[in-house]
Amino acid sequence: MSSAEIHPTAIVADGAKIAEDVQIGPYCVVGPDVTLGRGVQLRAHVVIDGLTEIGEGTIVYPFASLGSPPQDLKYKGEKSRLIIGKNNTIREHTTMNPGTEDGGMETRVGDNNLFMMATHVAHDCQIGNNVILANNATLGGHVRVGDFVIIGGLAAVHQFVRIGDHAIIGGMSGVENDVIPYGRVKGERAHLHGLNLIGLERRGFGKEDIRHLQRAYNQLFGNEGTMDERIDSVLEDYSNDETVVKIIEFAKAKDKFPLCQPPKKSA
């Protein structure tokens, strides 16, 4: 802790592991089981508690609370963890909770993510890299979020839901079913509204890849046969296309909920 900058009003408990170049601002509170990597910045009035690890280069803004006990009535004080990766930006009033016994005892956040003001990551969530949660977006317990996902402001994701890589969730959406990779969902009770075409273009997907994805999407969510039959059909037609296969593998790995579907057309 000799090279860390700790404001005199901050409270850092004995036992906390503070790396070089860490900055702990006014009125922050850091618990005894916390680990802060190199270059972490706690701006002011930040509370870090529990078995929480924050990776290097992460910046946490005022009034964020990370590592406090889960909001789960089944939680009985077990020593679960919150692991936050590198170079994350965690804005004001964000909350993240550690895991529970039913969820593997760990909440994990990847690298290079942006959590805007008042976002919430509940117990046992697993979040990938390069994810954006806009203001007031909320994840229920056990949610899994892939890489390069964007979740719009005031959106709420039901517990145990999966969101695939490169998906986008519209603002104020209630997401109750799994969202395929590359999917675009929106609505008060969210439905699938095609592919995240703008996001795919911005991330360098080629035109031919996007055309294959669009054709596979139309086939997967068409009217012929059952969903399982369409899944098998798409896999047979696109078995050599890694981007399409990612959707199929995601669909086959369903756990708690079915796939989010396009809205039903009016008669």
# chains A, B, ... in the order shown; residues from 1 in each chain; ligands from 1
$ residues_around --residues "region 214-230 of chain A" --least-positions-apart "3" --cutoff "9 Å" --atoms "only C-alpha atoms" --output "mmCIF file with N, CA and C atoms, in the first residue's frame"
data_model
loop_
_atom_site.group_PDB
_atom_site.id
_atom_site.type_symbol
_atom_site.label_atom_id
_atom_site.label_comp_id
_atom_site.auth_asym_id
_atom_site.auth_seq_id
_atom_site.Cartn_x
_atom_site.Cartn_y
_atom_site.Cartn_z
ATOM 1 N N GLY A 194 -35.325 -9.077 -35.223
ATOM 2 C CA GLY A 194 -34.277 -9.209 -36.215
ATOM 3 C C GLY A 194 -32.891 -9.286 -35.603
ATOM 4 N N LEU A 195 -31.907 -8.982 -36.435
ATOM 5 C CA LEU A 195 -30.509 -9.049 -36.037
ATOM 6 C C LEU A 195 -29.968 -7.653 -35.735
ATOM 7 N N ASP A 209 -21.006 -12.611 -44.475
ATOM 8 C CA ASP A 209 -21.362 -13.177 -43.163
ATOM 9 C C ASP A 209 -22.740 -12.698 -42.725
ATOM 10 N N ILE A 210 -22.996 -11.416 -42.914
ATOM 11 C CA ILE A 210 -24.285 -10.862 -42.490
ATOM 12 C C ILE A 210 -25.418 -11.431 -43.336
ATOM 13 N N ARG A 211 -25.195 -11.613 -44.635
ATOM 14 C CA ARG A 211 -26.227 -12.215 -45.495
ATOM 15 C C ARG A 211 -26.541 -13.643 -45.049
ATOM 16 N N SER A 233 -32.381 -28.096 -39.307
ATOM 17 C CA SER A 233 -32.291 -27.715 -40.714
ATOM 18 C C SER A 233 -31.224 -26.638 -40.938
ATOM 19 N N VAL A 234 -31.219 -25.622 -40.068
ATOM 20 C CA VAL A 234 -30.222 -24.557 -40.189
ATOM 21 C C VAL A 234 -28.818 -25.107 -39.987
ATOM 22 N N LEU A 235 -28.653 -25.980 -39.011
ATOM 23 C CA LEU A 235 -27.337 -26.560 -38.764
ATOM 24 C C LEU A 235 -26.857 -27.355 -39.962
ATOM 25 N N ASP A 237 -27.669 -26.829 -43.100
ATOM 26 C CA ASP A 237 -27.389 -25.935 -44.224
ATOM 27 C C ASP A 237 -26.167 -25.049 -43.999
ATOM 28 N N TYR A 238 -25.837 -24.768 -42.730
ATOM 29 C CA TYR A 238 -24.771 -23.798 -42.424
ATOM 30 C C TYR A 238 -23.711 -24.392 -41.491
ATOM 31 N N VAL A 244 -23.144 -18.594 -37.865
ATOM 32 C CA VAL A 244 -24.462 -19.222 -37.758
ATOM 33 C C VAL A 244 -24.440 -20.353 -36.739
ATOM 34 N N LYS A 252 -29.356 -24.804 -28.841
ATOM 35 C CA LYS A 252 -29.361 -26.179 -28.346
ATOM 36 C C LYS A 252 -29.021 -26.270 -26.862
ATOM 37 N N GLN A 261 -38.711 -14.852 -29.124
ATOM 38 C CA GLN A 261 -39.256 -15.035 -30.470
ATOM 39 C C GLN A 261 -39.690 -13.706 -31.083
ATOM 40 N N PRO A 262 -39.797 -13.640 -32.409
ATOM 41 C CA PRO A 262 -40.406 -12.466 -33.035
ATOM 42 C C PRO A 262 -41.871 -12.343 -32.621
#
$ residues_around --residues "region 64-69 of chain A" --least-positions-apart "6" --cutoff "7 Å" --atoms "only C-alpha atoms" --output "count of residues only"
15
$ residues_around --residues "His193 (chain A)" --least-positions-apart "2" --cutoff "9 Å" --atoms "only C-alpha atoms" --output "list in words"
Gly183, Arg184, Val185, Lys186, His191, Leu195, Asn196, Gln261, Pro262 and Pro263 of chain A
$ select_by_dssp --residues "region 39-246 of chain A" --states "strand (DSSP E)" --output "PyMOL selection string"
chain A and resi 41-42+47-48+51-54+59-60+65-66+81-84+89-90+95-96+106-109+114-115+120-121+126-127+132-133+138-139+144-145+150-151+156-157+162-163+168-169+174-175+183-186+191-195
$ closest_residue --among "A:Gln159, A:Glu56, A:Arg81, A:Gly164" --to "Ile247 (chain A)" --atoms "only C-alpha atoms"
A:Gly164
$ residues_around --residues "Glu20 (chain A)" --least-positions-apart "5" --cutoff "6 Å" --atoms "only C-alpha atoms" --output "number ranges by chain"
A: 3-4, 38
$ write_last_selection --atoms "N, CA and C atoms" --output "PDB file, in the first residue's frame"
ATOM      1  N   SER A   3       2.651   2.749  -2.250  1.00  0.00           N
ATOM      2  CA  SER A   3       2.571   3.615  -3.411  1.00  0.00           C
ATOM      3  C   SER A   3       1.139   3.977  -3.782  1.00  0.00           C
ATOM      4  N   ALA A   4       0.163   3.491  -3.024  1.00  0.00           N
ATOM      5  CA  ALA A   4      -1.228   3.831  -3.285  1.00  0.00           C
ATOM      6  C   ALA A   4      -1.537   5.218  -2.730  1.00  0.00           C
ATOM      7  N   ARG A  38      -3.717  -3.166  -9.876  1.00  0.00           N
ATOM      8  CA  ARG A  38      -2.946  -1.962 -10.184  1.00  0.00           C
ATOM      9  C   ARG A  38      -3.795  -0.934 -10.927  1.00  0.00           C
TER      10      ARG A  38
END
$ residues_around --residues "region 203-206 of chain A" --least-positions-apart "6" --cutoff "10 Å" --atoms "only C-alpha atoms" --output "PyMOL selection string"
chain A and resi 148+166+197+243
$ residues_around --residues "Val145 (chain A)" --least-positions-apart "4" --cutoff "12 Å" --atoms "only C-alpha atoms" --output "PDB file with C-alpha atoms, in the first residue's frame"
ATOM      1  CA  THR A 107     -20.478 -13.441  -9.698  1.00  0.00           C
ATOM      2  CA  ARG A 108     -18.013 -12.693 -12.483  1.00  0.00           C
ATOM      3  CA  VAL A 109     -17.598  -9.600 -14.676  1.00  0.00           C
ATOM      4  CA  GLY A 110     -15.146  -9.583 -17.590  1.00  0.00           C
ATOM      5  CA  ASN A 113     -17.186  -3.142 -19.763  1.00  0.00           C
ATOM      6  CA  VAL A 121     -25.681  -6.879 -11.454  1.00  0.00           C
ATOM      7  CA  ASP A 124     -24.325 -15.266  -9.710  1.00  0.00           C
ATOM      8  CA  CYS A 125     -24.377 -13.265 -12.955  1.00  0.00           C
ATOM      9  CA  GLN A 126     -21.695 -14.041 -15.516  1.00  0.00           C
ATOM     10  CA  ILE A 127     -20.836 -11.108 -17.801  1.00  0.00           C
ATOM     11  CA  GLY A 128     -18.409 -11.221 -20.719  1.00  0.00           C
ATOM     12  CA  ASN A 129     -16.177  -8.549 -22.203  1.00  0.00           C
ATOM     13  CA  ASN A 130     -16.940  -5.235 -23.936  1.00  0.00           C
ATOM     14  CA  VAL A 131     -20.487  -5.121 -22.567  1.00  0.00           C
ATOM     15  CA  ILE A 132     -22.483  -1.913 -22.059  1.00  0.00           C
ATOM     16  CA  LEU A 133     -25.307  -1.539 -19.545  1.00  0.00           C
ATOM     17  CA  LEU A 139     -29.812  -7.990 -14.346  1.00  0.00           C
ATOM     18  CA  GLY A 140     -31.603 -10.535 -12.158  1.00  0.00           C
ATOM     19  CA  GLY A 141     -29.732 -13.369 -10.496  1.00  0.00           C
ATOM     20  CA  VAL A 149     -23.735  -7.016 -25.668  1.00  0.00           C
ATOM     21  CA  ILE A 150     -25.557  -3.687 -25.254  1.00  0.00           C
ATOM     22  CA  ILE A 151     -28.438  -3.442 -22.775  1.00  0.00           C
ATOM     23  CA  VAL A 157     -33.431  -9.024 -17.566  1.00  0.00           C
ATOM     24  CA  HIS A 158     -35.208 -11.867 -15.752  1.00  0.00           C
ATOM     25  CA  GLN A 159     -33.178 -14.212 -13.580  1.00  0.00           C
ATOM     26  CA  PHE A 160     -31.495 -17.172 -15.348  1.00  0.00           C
ATOM     27  CA  VAL A 161     -31.896 -15.598 -18.812  1.00  0.00           C
ATOM     28  CA  ARG A 162     -29.008 -15.923 -21.294  1.00  0.00           C
ATOM     29  CA  ILE A 163     -28.018 -13.163 -23.716  1.00  0.00           C
ATOM     30  CA  GLY A 164     -25.762 -14.198 -26.584  1.00  0.00           C
ATOM     31  CA  ASP A 165     -22.708 -12.416 -27.987  1.00  0.00           C
ATOM     32  CA  HIS A 166     -23.294  -9.192 -29.983  1.00  0.00           C
ATOM     33  CA  ALA A 167     -26.977  -8.933 -29.002  1.00  0.00           C
ATOM     34  CA  ILE A 168     -28.663  -5.607 -28.296  1.00  0.00           C
ATOM     35  CA  ILE A 169     -31.551  -5.008 -25.871  1.00  0.00           C
ATOM     36  CA  ASP A 178     -33.035 -16.195 -23.945  1.00  0.00           C
ATOM     37  CA  VAL A 179     -31.715 -13.839 -26.631  1.00  0.00           C
ATOM     38  CA  ILE A 180     -29.780 -15.419 -29.502  1.00  0.00           C
ATOM     39  CA  PRO A 181     -26.300 -14.161 -30.418  1.00  0.00           C
TER      40      PRO A 181
END
$ closest_residue --among "A:Lys17, A:Arg91, A:Lys246, A:His45" --to "Tyr182 (chain A)" --atoms "only C-alpha atoms"
A:Lys246
$ closest_residue --among "A:Thr100, A:Cys28, A:Leu213, A:Ala16" --to "Leu73 (chain A)" --atoms "only C-alpha atoms"
A:Thr100
$ residues_around --residues "Glu53 (chain A)" --least-positions-apart "5" --cutoff "6 Å" --atoms "only C-alpha atoms" --output "PyMOL selection string"
chain A and resi 34-35+83-84
$ select_by_dssp --residues "region 24-230 of chain A" --states "helix (DSSP H, G or I)" --output "PyMOL selection string"
chain A and resi 101-103+197-202+207-220+227-230
$ atom_distance --atom1 "CA of Thr119 (chain A)" --atom2 "CA of Gly152 (chain A)"
10.5 Å
$ closest_residue --among "A:Asp33, A:Asp241, A:Asp14, A:Glu236" --to "Glu208 (chain A)" --atoms "only C-alpha atoms"
A:Asp241
$ atom_distance --atom1 "CA of Val60 (chain A)" --atom2 "CA of Met172 (chain A)"
24.8 Å
